[in-house]
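*Asks:* One file: my_file28.cif (mmCIF, C-alpha atoms).
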data_data
#
loop_
_atom_site.label_atom_id
_atom_site.label_comp_id
_atom_site.auth_asym_id
_atom_site.auth_seq_id
_atom_site.Cartn_x
_atom_site.Cartn_y
_atom_site.Cartn_z
CA GLU A 479 11.99 31.91 -29.80
CA LYS A 480 15.66 30.89 -30.04
CA VAL A 481 16.77 34.51 -29.71
CA ALA A 482 14.57 35.03 -26.65
CA ILE A 483 16.06 31.98 -24.97
CA GLU A 484 19.59 33.19 -25.80
CA TYR A 485 18.92 36.57 -24.15
CA LEU A 486 17.23 34.95 -21.16
CA ASN A 487 20.26 32.69 -20.70
CA LEU A 488 22.61 35.68 -20.95
CA CYS A 489 20.62 37.48 -18.22
CA ASP A 490 20.12 34.51 -15.88
CA TRP A 491 16.46 34.24 -16.89
CA ASP A 492 15.61 37.73 -15.62
CA VAL A 493 12.84 38.74 -18.06
CA GLU A 494 13.12 42.52 -17.58
CA ALA A 495 16.90 42.46 -17.85
CA SER A 496 16.63 40.28 -20.97
CA ILE A 497 14.22 42.70 -22.63
CA ASP A 498 16.42 45.68 -21.76
CA TYR A 499 19.52 43.85 -22.98
CA PHE A 500 17.77 42.88 -26.22
CA TYR A 501 16.81 46.47 -27.05
CA ASP A 502 19.98 48.11 -25.75
CA THR A 503 22.52 45.87 -27.50
CA PRO A 504 22.99 44.90 -31.09
CA VAL A 505 21.08 41.81 -32.13
CA LEU A 506 23.14 38.64 -32.15
CA VAL A 507 23.70 38.02 -35.83
CA ASP A 508 24.99 35.28 -38.03
CA ASP A 509 27.70 36.90 -40.17
CA ALA A 510 26.99 34.64 -43.16
CA LEU A 511 23.27 35.44 -43.05
CA LEU A 512 24.05 39.13 -42.57
CA GLU A 513 26.23 39.17 -45.67
CA GLU A 514 23.64 37.21 -47.65
CA LEU A 515 20.89 39.66 -46.67
CA TYR A 516 23.08 42.70 -47.39
CA ASN A 517 24.02 41.28 -50.79
CA ARG A 518 20.34 40.81 -51.61
CA TYR A 519 19.85 44.59 -51.52
CA LYS A 520 23.24 46.11 -52.37
CA GLY A 521 24.14 47.47 -55.77
CA LYS A 522 20.59 47.41 -57.09
CA ALA A 523 20.38 49.76 -60.04
CA PHE A 524 17.07 48.91 -61.64
CA MET A 525 16.58 52.51 -62.73
CA VAL A 526 19.84 52.40 -64.66
CA MET A 527 19.65 49.67 -67.30
CA HIS A 528 17.85 47.20 -64.98
CA VAL A 529 21.04 45.58 -63.78
CA ASN A 530 22.55 44.49 -60.50
CA ASN A 531 26.01 46.06 -60.21
CA PRO A 532 28.19 43.91 -57.92
CA ASP A 533 30.85 46.65 -57.85
CA ILE A 534 28.58 48.95 -55.85
CA ASP A 535 28.99 48.02 -52.19
CA MET A 536 26.03 50.04 -50.96
CA ILE A 537 22.31 49.60 -50.72
CA LEU A 538 20.90 52.26 -53.03
CA VAL A 539 17.38 53.50 -53.73
CA ASP A 540 16.20 50.38 -55.56
CA GLY A 541 17.68 48.09 -52.92
CA ILE A 542 16.00 50.16 -50.22
CA THR A 543 12.71 49.93 -52.11
CA LEU A 544 13.12 46.15 -52.26
CA LEU A 545 13.91 46.13 -48.52
CA CYS A 546 10.77 48.19 -47.83
CA ASN A 547 8.70 45.72 -49.84
CA ASP A 548 10.18 42.81 -47.88
CA LEU A 549 9.53 44.61 -44.58
CA GLU A 550 6.04 45.62 -45.74
CA VAL A 551 6.82 49.26 -44.95
CA ASP A 552 6.02 52.29 -47.10
CA PRO A 553 9.34 53.86 -48.23
CA GLN A 554 7.97 57.27 -47.14
CA ASP A 555 7.12 56.05 -43.63
CA ILE A 556 9.10 57.85 -40.93
CA ILE A 557 10.36 54.44 -39.82
CA MET A 558 12.74 54.49 -42.80
CA LEU A 559 14.29 57.70 -41.46
CA VAL A 560 14.78 56.07 -38.06
CA ILE A 561 16.28 52.98 -39.73
CA SER A 562 18.63 55.27 -41.68
CA TRP A 563 19.63 56.88 -38.37
CA HIS A 564 20.35 53.44 -36.90
CA MET A 565 22.44 52.54 -39.95
CA ASN A 566 24.38 55.81 -39.73
CA ALA A 567 23.47 56.52 -43.35
CA SER A 568 25.31 59.62 -44.43
CA THR A 569 23.00 60.33 -47.36
CA MET A 570 19.41 59.66 -48.23
CA CYS A 571 18.92 56.36 -50.11
CA GLU A 572 22.39 54.99 -49.35
CA TYR A 573 23.04 52.29 -46.74
CA SER A 574 26.49 50.86 -46.26
CA LYS A 575 25.68 48.34 -43.55
CA MET A 576 22.90 46.36 -41.92
CA ASP A 577 22.52 45.32 -38.29
CA VAL A 578 20.16 42.37 -38.64
CA ASP A 579 20.62 39.15 -40.54
CA THR A 580 17.05 38.26 -41.51
CA VAL A 581 14.01 40.15 -42.74
CA GLU A 582 11.99 38.54 -39.95
CA LYS A 583 14.29 39.99 -37.26
CA PHE A 584 14.05 43.34 -38.99
CA ARG A 585 10.24 43.19 -38.99
CA ASP A 586 10.25 42.20 -35.32
CA LYS A 587 12.23 45.33 -34.42
CA ILE A 588 10.08 47.81 -36.36
CA SER A 589 7.64 48.53 -33.53
CA TYR A 590 10.53 49.16 -31.14
CA ILE A 591 12.30 51.36 -33.69
CA ARG A 592 9.08 53.33 -34.19
CA SER A 593 8.72 53.76 -30.41
CA GLU A 594 12.09 55.51 -30.30
CA LEU A 595 10.38 58.58 -31.74
CA ASN A 596 8.63 58.93 -28.36
CA ASP A 597 11.95 59.10 -26.48
CA GLU A 598 12.79 62.83 -26.33
CA LYS A 599 16.57 62.35 -26.48
CA LYS A 600 16.38 59.91 -29.38
CA PHE A 601 13.87 62.12 -31.18
CA HIS A 602 16.29 65.04 -30.79
CA ASP A 603 19.12 62.91 -32.22
CA ILE A 604 16.92 61.68 -35.08
CA TYR A 605 15.76 65.24 -35.81
CA ASN A 606 19.34 66.53 -36.00
CA PHE A 607 20.38 63.53 -38.10
CA ALA A 608 17.48 64.04 -40.52
CA PHE A 609 18.59 67.42 -41.82
CA SER A 610 22.21 66.40 -42.37
CA TRP A 611 21.02 63.19 -44.01
CA ALA A 612 18.55 64.93 -46.33
CA LYS A 613 21.01 67.51 -47.68
CA GLU A 614 22.66 66.90 -51.03
CA LYS A 615 26.27 65.71 -50.68
CA GLY A 616 28.63 68.62 -50.06
CA GLN A 617 25.84 71.13 -49.34
CA LYS A 618 25.34 73.15 -46.17
CA SER A 619 21.75 73.97 -46.96
CA MET A 620 18.76 72.35 -48.58
CA ALA A 621 15.86 73.41 -50.72
CA LEU A 622 12.90 74.79 -48.84
CA ASP A 623 10.60 72.08 -50.23
CA THR A 624 12.92 69.39 -48.84
CA THR A 625 13.12 71.17 -45.49
CA ILE A 626 9.35 71.46 -45.25
CA GLY A 627 8.98 67.81 -46.22
CA MET A 628 11.35 66.80 -43.42
CA TRP A 629 9.49 68.95 -40.89
CA ARG A 630 6.17 67.46 -41.98
CA LEU A 631 7.59 63.97 -41.64
CA LEU A 632 9.18 64.55 -38.24
CA ILE A 633 6.78 66.97 -36.58
CA ALA A 634 3.66 65.11 -37.72
CA GLU A 635 4.52 62.55 -35.03
CA LYS A 636 4.40 65.34 -32.43
CA LYS A 637 1.06 66.79 -33.60
CA CYS A 638 2.32 70.38 -33.77
CA PRO A 639 -0.67 72.67 -34.44
CA LEU A 640 1.51 75.49 -35.83
CA LEU A 641 3.44 73.42 -38.37
CA ASP A 642 1.19 74.30 -41.32
CA HIS A 643 1.35 78.01 -40.44
CA TRP A 644 5.14 77.87 -40.11
CA CYS A 645 5.56 76.11 -43.47
CA GLN A 646 3.19 78.55 -45.17
CA PHE A 647 5.08 81.50 -43.65
CA LEU A 648 8.38 80.21 -45.03
CA GLN A 649 6.86 79.61 -48.45
CA ASP A 650 5.37 83.10 -48.50
CA MET A 651 8.70 84.64 -47.44
CA THR A 652 10.59 82.97 -50.26
CA ASN A 653 7.90 83.43 -52.91
CA ASN A 654 8.47 79.77 -53.86
CA GLN A 655 11.63 80.66 -55.77
CA GLY A 656 13.51 77.58 -54.60
CA ARG A 657 15.58 79.40 -52.03
CA THR A 658 17.32 77.29 -49.45
CA VAL A 659 17.18 77.12 -45.69
CA LYS A 660 20.56 76.98 -43.97
CA PHE A 661 21.20 74.65 -41.01
CA ALA A 662 24.96 74.99 -40.59
#
Represent the structure of the file as structure tokens.
*Replies:*
Amino acid sequence: EKVAIEYLNLCDWDVEASIDYFYDTPVLVDDALLEELYNRYKGKAFMVMHVNNPDIDMILVDGITLLCNDLEVDPQDIIMLVISWHMNASTMCEYSKMDVDTVEKFRDKISYIRSELNDEKKFHDIYNFAFSWAKEKGQKSMALDTTIGMWRLLIAEKKCPLLDHWCQFLQDMTNNQGRTVKFA
């Protein structure tokens, strides 16, 4: 409620302008809360000796899993790809920043973030981001299984009737020998 009133005040109580401004600009954040939230997830290394490593200044896979639990989102939901795009994540399962300062604000933005997949330009940007993001560091190509997984994740939203045929064709052409698909 406080955030809504802030945006309404900024836009002279014009509701449409306030809504547009809210979704087109970064959320007003409290830097202390932002740092506190970021620190909650960063450096989590539960898989490696069940410790929190304060020297790691990134949110890694276990921190992202914890974030997903807090957001009540499946880690394999396409929304996590879109969130990664928003965070300019250079690699899968590595976040170096956050744009919101509370889990509640994050949850409130999820439906809007999901709706961005319906915007053709944003979908195009997300699609292009996805394949760079999913590649192993330093690689120009990715394994066919990873590529097919990304297509299934992205194209499932578009209900492409030929996707299964396309994926099967690629698998048949490579004889499942782990060949890679190049996107450079």
*Asks:* Any chance you could work out the residue set of the PyMOL selection byres ((chain A and resi 544) around 12) here, as a list of chain:residue names?
*Replies:*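 Applied to this file, the PyMOL selection byres ((chain A and resi 544) around 12) selects A:Leu515, A:Tyr516, A:Arg518, A:Tyr519, A:Lys520, A:Gly521, A:Lys522, A:Ala523, A:Phe524, A:Ile537, A:Leu538, A:Val539, A:Asp540, A:Gly541, A:Ile542, A:Thr543, A:Leu545, A:Cys546, A:Asn547, A:Asp548, A:Leu549, A:Glu550, A:Val551, A:Asp552, A:Pro553, A:Cys571, A:Val581.
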*Asks:* Translate the PyMOL selection byres ((chain A and resi 631) around 12) into a concrete residue list for this structure, as a list in words.
*Replies:*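 Residues picked by the PyMOL selection byres ((chain A and resi 631) around 12): Gln554, Asp555, Ile556, Ile557, Met558, Leu559, Val560, Leu595, Ile604, Tyr605, Ala608, Phe609, Ala612, Thr624, Thr625, Ile626, Gly627, Met628, Trp629, Arg630, Leu632, Ile633, Ala634, Glu635, Lys636, Lys637, Cys638 and Leu641 of chain A.
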*Asks:* Which distance in Å separates atom CA of Asp509 of chain A and atom CA of Val481 of chain A, to one decimal?
*Replies:*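 Pair atom CA of Asp509 of chain A / atom CA of Val481 of chain A returns 15.3 Å.
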*Asks:* Which residue is closest to Ser593 of chain A? Choose from A:Ala621, A:Tyr501, A:Leu488, A:Glu479 and count all atoms listed in the file.
*Replies:*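 Counting all atoms listed in the file, the residue closest to Ser593 of chain A is A:Tyr501.
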*Asks:* Can you measure atom CA of Asp577 of chain A to atom CA of Val493 of chain A for me? One decimal in Å is fine.
*Replies:*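 If I compute the distance from atom CA of Asp577 of chain A to atom CA of Val493 of chain A, I get 23.4 Å.
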*Asks:* What does the distance from atom CA of Ser562 of chain A to atom CA of Phe607 of chain A come to in Å, to one decimal?
*Replies:*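 Distance reported for this atom pair: 9.2 Å.
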*Asks:* Of the residues A:Phe584, A:Phe601, A:Tyr590, A:Trp563, which is the one nearest to Asp502 of chain A, using all atoms listed in the file?
*Replies:*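 Checking each of A:Phe584, A:Phe601, A:Tyr590, A:Trp563 against Asp502 of chain A, counting all atoms listed in the file, the winner is A:Tyr590.
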*Asks:* I need the output of the PyMOL selection byres ((chain A and resi 484) around 12) for this file as a PyMOL selection string; which residues are they?
*Replies:* chain A and resi 479-483+485-493+496-497+499-500+505-507
*Asks:* Step by step: start from the point (19.4, 70.1, -48.3) in the file's coordinates, keep every protein, DNA or RNA residue that has an atom no farther than 10 Å from it, count only C-alpha atoms, and write the set as a list in words.
*Replies:*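 Residues with an atom close enough to that point: Phe609, Ser610, Trp611, Ala612, Lys613, Glu614, Lys615, Gly616, Gln617, Lys618, Ser619, Met620, Ala621, Leu622, Asp623, Thr624, Thr625, Met628, Thr658, Val659, Lys660 and Phe661 of chain A.
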